[in-house]
Amino acid sequence: MTPIISVAPNVMQGQTNFYITVRITELNVENTNGVIIVKIPKDTRWVLDGPYQPGLEMLGGTELNNSDWDYSEDANSHILTTTIGTVITEGGFSYFGFNAIWDPGQTAGVFTITSQINEYSGGEENIGNNVDAESLNYFIE
């Protein structure tokens with residue numbers, strides 16, 4: 001499996017509403033087997049715009065499978081976990097996504113946001129491709 005994270009817009013000026021989508025693709029020639037856990041590290045510059053929405057089916061033109069993913073969090077990460085019975089078939093994929101708010105205060109720069117599949121999630125044995133990242137450019141308003 002491998003994640004592909006996308007953020008739009010990825011150029012922000014001041015406080016900006018944006019969204020994040022993550023596509024989990026099963027690259028192996030077998031179906032996933034077991035729970036898949038994906039973590040997105042937290043940062044003080046961005047927060048979810050409201051609670052995670054399991055019923056959200058479309059975001060930025062991308063069809064989502066949010067109902068197949070449960071949201072939780074700890075002190076360091078946003079955590080998405082497949083619901084019981086969710087299987088990603090060989091060559092198949094599942095998308096989840098959510099809205100967020102970016103607020104860098106009076107700073108400018110580049111921020112890298114990542115998604116990472118926990119080792120051995122979904123029965124995965126090849127963990128060399130379990131991380132993806134996207135860079136955000138942000139400017140003072």
# chains A, B, ... in the order shown; residues from 1 in each chain; ligands from 1

$ residues_around --residues "Gln15 of chain A" --least-positions-apart "2" --cutoff "8 Å" --atoms "only C-alpha atoms" --output "VMD selection string"
chain A and resid 12 to 13 17 101 to 105 141

$ write_last_selection --atoms "all heavy atoms" --output "PDB file, in the first residue's frame"
ATOM      1  N   MET A  12      -0.753  29.601   0.132  1.00  0.00           N
ATOM      2  CA  MET A  12      -1.699  30.266   1.033  1.00  0.00           C
ATOM      3  C   MET A  12      -1.156  31.612   1.478  1.00  0.00           C
ATOM      4  O   MET A  12       0.033  31.754   1.728  1.00  0.00           O
ATOM      5  CB  MET A  12      -1.958  29.380   2.248  1.00  0.00           C
ATOM      6  CG  MET A  12      -2.493  28.030   1.877  1.00  0.00           C
ATOM      7  SD  MET A  12      -2.793  27.036   3.327  1.00  0.00           S
ATOM      8  CE  MET A  12      -2.995  25.438   2.599  1.00  0.00           C
ATOM      9  N   GLN A  13      -2.069  32.560   1.585  1.00  0.00           N
ATOM     10  CA  GLN A  13      -1.709  33.883   2.083  1.00  0.00           C
ATOM     11  C   GLN A  13      -2.573  34.182   3.295  1.00  0.00           C
ATOM     12  O   GLN A  13      -3.789  34.304   3.182  1.00  0.00           O
ATOM     13  CB  GLN A  13      -1.919  34.946   1.005  1.00  0.00           C
ATOM     14  CG  GLN A  13      -1.437  36.308   1.444  1.00  0.00           C
ATOM     15  CD  GLN A  13      -1.377  37.291   0.281  1.00  0.00           C
ATOM     16  OE1 GLN A  13      -1.572  36.940  -0.863  1.00  0.00           O
ATOM     17  NE2 GLN A  13      -1.107  38.527   0.606  1.00  0.00           N
ATOM     18  N   ASN A  17      -8.760  28.742   4.188  1.00  0.00           N
ATOM     19  CA  ASN A  17      -9.471  27.471   4.227  1.00  0.00           C
ATOM     20  C   ASN A  17      -8.874  26.586   3.145  1.00  0.00           C
ATOM     21  O   ASN A  17      -8.628  27.058   2.024  1.00  0.00           O
ATOM     22  CB  ASN A  17     -10.958  27.661   3.983  1.00  0.00           C
ATOM     23  CG  ASN A  17     -11.635  28.388   5.118  1.00  0.00           C
ATOM     24  OD1 ASN A  17     -11.242  28.269   6.270  1.00  0.00           O
ATOM     25  ND2 ASN A  17     -12.645  29.157   4.807  1.00  0.00           N
ATOM     26  N   ILE A 101      -8.234  24.564   8.310  1.00  0.00           N
ATOM     27  CA  ILE A 101      -7.950  26.001   8.315  1.00  0.00           C
ATOM     28  C   ILE A 101      -6.470  26.192   8.591  1.00  0.00           C
ATOM     29  O   ILE A 101      -5.939  25.643   9.561  1.00  0.00           O
ATOM     30  CB  ILE A 101      -8.777  26.739   9.387  1.00  0.00           C
ATOM     31  CG1 ILE A 101     -10.268  26.549   9.144  1.00  0.00           C
ATOM     32  CG2 ILE A 101      -8.413  28.231   9.407  1.00  0.00           C
ATOM     33  CD1 ILE A 101     -11.142  27.046  10.279  1.00  0.00           C
ATOM     34  N   TRP A 102      -5.817  26.960   7.743  1.00  0.00           N
ATOM     35  CA  TRP A 102      -4.392  27.282   7.879  1.00  0.00           C
ATOM     36  C   TRP A 102      -4.274  28.663   8.498  1.00  0.00           C
ATOM     37  O   TRP A 102      -4.912  29.610   8.033  1.00  0.00           O
ATOM     38  CB  TRP A 102      -3.736  27.256   6.499  1.00  0.00           C
ATOM     39  CG  TRP A 102      -2.307  27.655   6.514  1.00  0.00           C
ATOM     40  CD1 TRP A 102      -1.787  28.877   6.211  1.00  0.00           C
ATOM     41  CD2 TRP A 102      -1.202  26.840   6.873  1.00  0.00           C
ATOM     42  NE1 TRP A 102      -0.433  28.867   6.348  1.00  0.00           N
ATOM     43  CE2 TRP A 102      -0.041  27.616   6.760  1.00  0.00           C
ATOM     44  CE3 TRP A 102      -1.077  25.512   7.290  1.00  0.00           C
ATOM     45  CZ2 TRP A 102       1.224  27.123   7.043  1.00  0.00           C
ATOM     46  CZ3 TRP A 102       0.177  25.018   7.563  1.00  0.00           C
ATOM     47  CH2 TRP A 102       1.314  25.816   7.435  1.00  0.00           C
ATOM     48  N   ASP A 103      -3.484  28.811   9.541  1.00  0.00           N
ATOM     49  CA  ASP A 103      -3.259  30.114  10.163  1.00  0.00           C
ATOM     50  C   ASP A 103      -1.817  30.196  10.658  1.00  0.00           C
ATOM     51  O   ASP A 103      -1.509  29.790  11.773  1.00  0.00           O
ATOM     52  CB  ASP A 103      -4.225  30.356  11.314  1.00  0.00           C
ATOM     53  CG  ASP A 103      -4.150  31.782  11.839  1.00  0.00           C
ATOM     54  OD1 ASP A 103      -3.296  32.576  11.368  1.00  0.00           O
ATOM     55  OD2 ASP A 103      -4.951  32.108  12.730  1.00  0.00           O
ATOM     56  N   PRO A 104      -0.908  30.746   9.829  1.00  0.00           N
ATOM     57  CA  PRO A 104       0.496  30.801  10.204  1.00  0.00           C
ATOM     58  C   PRO A 104       0.867  32.000  11.059  1.00  0.00           C
ATOM     59  O   PRO A 104       2.035  32.184  11.396  1.00  0.00           O
ATOM     60  CB  PRO A 104       1.197  30.893   8.850  1.00  0.00           C
ATOM     61  CG  PRO A 104       0.241  31.701   8.034  1.00  0.00           C
ATOM     62  CD  PRO A 104      -1.128  31.240   8.479  1.00  0.00           C
ATOM     63  N   GLY A 105      -0.133  32.821  11.415  1.00  0.00           N
ATOM     64  CA  GLY A 105       0.185  34.042  12.157  1.00  0.00           C
ATOM     65  C   GLY A 105       0.985  34.980  11.274  1.00  0.00           C
ATOM     66  O   GLY A 105       0.690  35.129  10.099  1.00  0.00           O
ATOM     67  N   GLU A 141      -0.254  37.787   5.242  1.00  0.00           N
ATOM     68  CA  GLU A 141      -1.369  38.480   4.608  1.00  0.00           C
ATOM     69  C   GLU A 141      -1.081  39.951   4.475  1.00  0.00           C
ATOM     70  O   GLU A 141      -0.440  40.596   5.237  1.00  0.00           O
ATOM     71  CB  GLU A 141      -2.625  38.271   5.453  1.00  0.00           C
ATOM     72  CG  GLU A 141      -3.859  38.720   4.759  1.00  0.00           C
ATOM     73  CD  GLU A 141      -5.096  38.190   5.444  1.00  0.00           C
ATOM     74  OE1 GLU A 141      -5.086  37.995   6.673  1.00  0.00           O
ATOM     75  OE2 GLU A 141      -6.063  37.947   4.743  1.00  0.00           O
TER      76      GLU A 141
END

$ closest_atom_pairs --of "segment 13-110 of chain A" --to "segment 114-132 of chain A" --cutoff "9 Å" --atoms "only C-alpha atoms" --output "tab-separated table"
residue	atom	partner	partner_atom	distance
A:Val22	CA	A:Ser115	CA	7.6
A:Ile24	CA	A:Ile117	CA	8.7
A:Asn28	CA	A:Glu124	CA	8.8
A:Asn31	CA	A:Gly122	CA	8.6
A:Thr32	CA	A:Gly122	CA	4.8
A:Asn33	CA	A:Gly122	CA	4.6
A:Gly34	CA	A:Gly122	CA	4.3
A:Val35	CA	A:Gly122	CA	5.1
A:Ile36	CA	A:Ser121	CA	4.5
A:Ile37	CA	A:Asn118	CA	5.5
A:Val38	CA	A:Ile117	CA	4.4
A:Lys39	CA	A:Gln116	CA	5.3
A:Ile40	CA	A:Ser115	CA	4.7
A:Pro41	CA	A:Thr114	CA	6.8
A:Val87	CA	A:Gly122	CA	8.2
A:Ile88	CA	A:Gly122	CA	8.7

$ closest_residue --among "A:Ala108, A:Ala133, A:Asp43, A:Ser77" --to "Gly14 of chain A" --atoms "only C-alpha atoms"
A:Ala108

$ residues_around --residues "segment 5-7 of chain A" --least-positions-apart "2" --cutoff "6 Å" --atoms "only C-alpha atoms" --output "number ranges by chain"
A: 9-10, 19-22

$ select_by_dssp --residues "segment 43-136 of chain A" --states "strand (DSSP E or B)" --output "PyMOL selection string"
chain A and resi 43+46-48+58-59+62-63+69-73+77-82+93-102+109-117+131-136

$ closest_residue --among "A:Asn76, A:Thr44, A:Thr89, A:Ser67" --to "Thr25 of chain A" --atoms "only C-alpha atoms"
A:Thr89

$ residues_around --residues "Asn66 of chain A" --least-positions-apart "2" --cutoff "8 Å" --atoms "only C-alpha atoms" --output "number ranges by chain"
A: 53-57, 64, 68-70, 95-97

$ write_last_selection --atoms "N, CA, C and O atoms" --output "PDB file, in the first residue's frame"
ATOM      1  N   GLN A  53     -16.037  14.301   8.869  1.00  0.00           N
ATOM      2  CA  GLN A  53     -17.371  14.012   8.352  1.00  0.00           C
ATOM      3  C   GLN A  53     -17.403  12.671   7.624  1.00  0.00           C
ATOM      4  O   GLN A  53     -17.044  12.589   6.440  1.00  0.00           O
ATOM      5  N   PRO A  54     -17.843  11.600   8.290  1.00  0.00           N
ATOM      6  CA  PRO A  54     -17.904  10.291   7.621  1.00  0.00           C
ATOM      7  C   PRO A  54     -18.846  10.276   6.422  1.00  0.00           C
ATOM      8  O   PRO A  54     -18.656   9.480   5.508  1.00  0.00           O
ATOM      9  N   GLY A  55     -19.834  11.167   6.407  1.00  0.00           N
ATOM     10  CA  GLY A  55     -20.789  11.207   5.303  1.00  0.00           C
ATOM     11  C   GLY A  55     -20.344  12.055   4.124  1.00  0.00           C
ATOM     12  O   GLY A  55     -21.034  12.096   3.099  1.00  0.00           O
ATOM     13  N   LEU A  56     -19.188  12.706   4.220  1.00  0.00           N
ATOM     14  CA  LEU A  56     -18.693  13.535   3.117  1.00  0.00           C
ATOM     15  C   LEU A  56     -18.285  12.630   1.958  1.00  0.00           C
ATOM     16  O   LEU A  56     -17.455  11.743   2.110  1.00  0.00           O
ATOM     17  N   GLU A  57     -18.895  12.853   0.782  1.00  0.00           N
ATOM     18  CA  GLU A  57     -18.670  11.976  -0.364  1.00  0.00           C
ATOM     19  C   GLU A  57     -17.858  12.612  -1.481  1.00  0.00           C
ATOM     20  O   GLU A  57     -17.398  11.905  -2.378  1.00  0.00           O
ATOM     21  N   LEU A  64     -14.896  10.616  -2.321  1.00  0.00           N
ATOM     22  CA  LEU A  64     -14.317  10.116  -1.077  1.00  0.00           C
ATOM     23  C   LEU A  64     -14.997   8.836  -0.607  1.00  0.00           C
ATOM     24  O   LEU A  64     -16.148   8.576  -0.941  1.00  0.00           O
ATOM     25  N   ASP A  68     -15.686   4.734   5.128  1.00  0.00           N
ATOM     26  CA  ASP A  68     -14.830   3.575   5.371  1.00  0.00           C
ATOM     27  C   ASP A  68     -13.706   3.869   6.362  1.00  0.00           C
ATOM     28  O   ASP A  68     -12.885   2.994   6.641  1.00  0.00           O
ATOM     29  N   TRP A  69     -13.662   5.110   6.873  1.00  0.00           N
ATOM     30  CA  TRP A  69     -12.565   5.542   7.747  1.00  0.00           C
ATOM     31  C   TRP A  69     -13.111   6.190   9.013  1.00  0.00           C
ATOM     32  O   TRP A  69     -14.011   7.025   8.951  1.00  0.00           O
ATOM     33  N   ASP A  70     -12.558   5.796  10.155  1.00  0.00           N
ATOM     34  CA  ASP A  70     -12.870   6.427  11.440  1.00  0.00           C
ATOM     35  C   ASP A  70     -11.755   7.402  11.777  1.00  0.00           C
ATOM     36  O   ASP A  70     -10.576   7.128  11.524  1.00  0.00           O
ATOM     37  N   TYR A  95     -10.174   6.665  -0.774  1.00  0.00           N
ATOM     38  CA  TYR A  95      -9.879   8.069  -0.475  1.00  0.00           C
ATOM     39  C   TYR A  95     -10.575   8.495   0.809  1.00  0.00           C
ATOM     40  O   TYR A  95     -11.732   8.122   1.042  1.00  0.00           O
ATOM     41  N   PHE A  96      -9.893   9.294   1.622  1.00  0.00           N
ATOM     42  CA  PHE A  96     -10.572  10.046   2.672  1.00  0.00           C
ATOM     43  C   PHE A  96     -10.125  11.489   2.568  1.00  0.00           C
ATOM     44  O   PHE A  96      -9.098  11.793   1.961  1.00  0.00           O
ATOM     45  N   GLY A  97     -10.910  12.381   3.139  1.00  0.00           N
ATOM     46  CA  GLY A  97     -10.560  13.792   3.065  1.00  0.00           C
ATOM     47  C   GLY A  97     -11.310  14.605   4.096  1.00  0.00           C
ATOM     48  O   GLY A  97     -12.306  14.154   4.670  1.00  0.00           O
TER      49      GLY A  97
END

$ closest_residue --among "A:Gly61, A:Arg23, A:Ile79, A:Glu73" --to "Pro3 of chain A" --atoms "only C-alpha atoms"
A:Arg23

$ residues_around --residues "Ser135 of chain A" --least-positions-apart "2" --cutoff "7 Å" --atoms "only C-alpha atoms" --output "list in words"
Val110, Phe111, Thr112, Ile113, Ala133 and Asn137 of chain A

$ write_last_selection --atoms "all heavy atoms" --output "short mmCIF file (atom, residue, chain, number, x, y, z; two decimals), in the first residue's frame"
data_model
loop_
_atom_site.label_atom_id
_atom_site.label_comp_id
_atom_site.auth_asym_id
_atom_site.auth_seq_id
_atom_site.Cartn_x
_atom_site.Cartn_y
_atom_site.Cartn_z
N VAL A 110 7.76 27.58 3.94
CA VAL A 110 7.33 26.34 3.31
C VAL A 110 7.08 25.33 4.42
O VAL A 110 7.87 25.20 5.35
CB VAL A 110 8.39 25.80 2.33
CG1 VAL A 110 7.96 24.47 1.74
CG2 VAL A 110 8.68 26.82 1.24
N PHE A 111 5.96 24.62 4.34
CA PHE A 111 5.61 23.61 5.31
C PHE A 111 5.34 22.32 4.56
O PHE A 111 4.69 22.32 3.52
CB PHE A 111 4.35 24.03 6.08
CG PHE A 111 3.81 22.97 7.00
CD1 PHE A 111 4.46 22.66 8.17
CD2 PHE A 111 2.65 22.28 6.68
CE1 PHE A 111 3.97 21.67 9.02
CE2 PHE A 111 2.14 21.30 7.51
CZ PHE A 111 2.82 21.00 8.69
N THR A 112 5.84 21.22 5.07
CA THR A 112 5.60 19.92 4.46
C THR A 112 4.62 19.14 5.32
O THR A 112 4.85 18.94 6.51
CB THR A 112 6.92 19.12 4.31
OG1 THR A 112 7.82 19.89 3.52
CG2 THR A 112 6.66 17.78 3.65
N ILE A 113 3.52 18.74 4.70
CA ILE A 113 2.51 17.94 5.39
C ILE A 113 2.63 16.51 4.88
O ILE A 113 2.81 16.28 3.68
CB ILE A 113 1.10 18.52 5.18
CG1 ILE A 113 0.08 17.82 6.06
CG2 ILE A 113 0.69 18.52 3.73
CD1 ILE A 113 -1.25 18.54 6.15
N ALA A 133 4.27 13.09 0.98
CA ALA A 133 4.30 14.45 1.51
C ALA A 133 3.94 15.45 0.41
O ALA A 133 4.13 15.18 -0.78
CB ALA A 133 5.69 14.77 2.05
N ASN A 137 3.31 26.42 0.43
CA ASN A 137 3.97 27.71 0.50
C ASN A 137 3.00 28.68 1.15
O ASN A 137 1.84 28.76 0.75
CB ASN A 137 4.35 28.20 -0.90
CG ASN A 137 5.40 27.33 -1.54
OD1 ASN A 137 6.54 27.35 -1.12
ND2 ASN A 137 5.01 26.55 -2.53
#

$ atom_distance --atom1 "atom CA of Phe98 of chain A" --atom2 "atom CA of Glu63 of chain A"
12.0 Å

$ decode --residues "segment 49-101 of chain A" --atoms "C-alpha atoms" --output "PDB file, in the first residue's frame"
ATOM      1  CA  ASP A  49     -12.494  22.930  10.044  1.00  0.00           C
ATOM      2  CA  GLY A  50     -15.147  21.220  12.170  1.00  0.00           C
ATOM      3  CA  PRO A  51     -15.360  17.525  13.002  1.00  0.00           C
ATOM      4  CA  TYR A  52     -14.377  14.748  10.583  1.00  0.00           C
ATOM      5  CA  GLN A  53     -17.371  14.012   8.352  1.00  0.00           C
ATOM      6  CA  PRO A  54     -17.904  10.291   7.621  1.00  0.00           C
ATOM      7  CA  GLY A  55     -20.789  11.207   5.303  1.00  0.00           C
ATOM      8  CA  LEU A  56     -18.693  13.535   3.117  1.00  0.00           C
ATOM      9  CA  GLU A  57     -18.670  11.976  -0.364  1.00  0.00           C
ATOM     10  CA  MET A  58     -16.967  14.644  -2.506  1.00  0.00           C
ATOM     11  CA  LEU A  59     -14.196  17.163  -1.873  1.00  0.00           C
ATOM     12  CA  GLY A  60     -12.534  19.307  -4.538  1.00  0.00           C
ATOM     13  CA  GLY A  61     -13.783  17.049  -7.324  1.00  0.00           C
ATOM     14  CA  THR A  62     -12.501  13.878  -5.605  1.00  0.00           C
ATOM     15  CA  GLU A  63     -14.956  11.131  -4.679  1.00  0.00           C
ATOM     16  CA  LEU A  64     -14.317  10.116  -1.077  1.00  0.00           C
ATOM     17  CA  ASN A  65     -14.794   6.912   0.889  1.00  0.00           C
ATOM     18  CA  ASN A  66     -14.981   8.736   4.249  1.00  0.00           C
ATOM     19  CA  SER A  67     -17.539   6.265   5.605  1.00  0.00           C
ATOM     20  CA  ASP A  68     -14.830   3.575   5.371  1.00  0.00           C
ATOM     21  CA  TRP A  69     -12.565   5.542   7.747  1.00  0.00           C
ATOM     22  CA  ASP A  70     -12.870   6.427  11.440  1.00  0.00           C
ATOM     23  CA  TYR A  71     -11.165   9.558  12.766  1.00  0.00           C
ATOM     24  CA  SER A  72      -9.346   9.893  16.073  1.00  0.00           C
ATOM     25  CA  GLU A  73      -6.404  11.908  17.309  1.00  0.00           C
ATOM     26  CA  ASP A  74      -3.665  11.895  19.856  1.00  0.00           C
ATOM     27  CA  ALA A  75      -1.333  14.659  21.002  1.00  0.00           C
ATOM     28  CA  ASN A  76       0.800  14.362  17.865  1.00  0.00           C
ATOM     29  CA  SER A  77      -1.355  13.086  14.998  1.00  0.00           C
ATOM     30  CA  HIS A  78      -4.673  12.990  13.210  1.00  0.00           C
ATOM     31  CA  ILE A  79      -5.376   9.252  12.900  1.00  0.00           C
ATOM     32  CA  LEU A  80      -7.576   7.628  10.267  1.00  0.00           C
ATOM     33  CA  THR A  81      -8.407   3.936  10.707  1.00  0.00           C
ATOM     34  CA  THR A  82     -10.376   1.720   8.359  1.00  0.00           C
ATOM     35  CA  THR A  83     -13.745   0.660   9.679  1.00  0.00           C
ATOM     36  CA  ILE A  84     -14.407  -3.001  10.406  1.00  0.00           C
ATOM     37  CA  GLY A  85     -14.709  -4.975   7.202  1.00  0.00           C
ATOM     38  CA  THR A  86     -13.065  -2.408   4.911  1.00  0.00           C
ATOM     39  CA  VAL A  87     -10.871  -4.100   2.317  1.00  0.00           C
ATOM     40  CA  ILE A  88      -8.889  -2.413  -0.446  1.00  0.00           C
ATOM     41  CA  THR A  89      -8.706  -4.856  -3.332  1.00  0.00           C
ATOM     42  CA  GLU A  90      -5.528  -5.530  -5.307  1.00  0.00           C
ATOM     43  CA  GLY A  91      -4.876  -2.503  -7.505  1.00  0.00           C
ATOM     44  CA  GLY A  92      -7.766  -0.682  -5.789  1.00  0.00           C
ATOM     45  CA  PHE A  93      -7.824   2.407  -3.631  1.00  0.00           C
ATOM     46  CA  SER A  94      -9.743   4.293  -0.969  1.00  0.00           C
ATOM     47  CA  TYR A  95      -9.879   8.069  -0.475  1.00  0.00           C
ATOM     48  CA  PHE A  96     -10.572  10.046   2.672  1.00  0.00           C
ATOM     49  CA  GLY A  97     -10.560  13.792   3.065  1.00  0.00           C
ATOM     50  CA  PHE A  98     -11.443  16.727   5.283  1.00  0.00           C
ATOM     51  CA  ASN A  99     -11.554  20.507   5.412  1.00  0.00           C
ATOM     52  CA  ALA A 100      -9.010  22.467   7.427  1.00  0.00           C
ATOM     53  CA  ILE A 101      -7.950  26.001   8.315  1.00  0.00           C
TER      54      ILE A 101
END
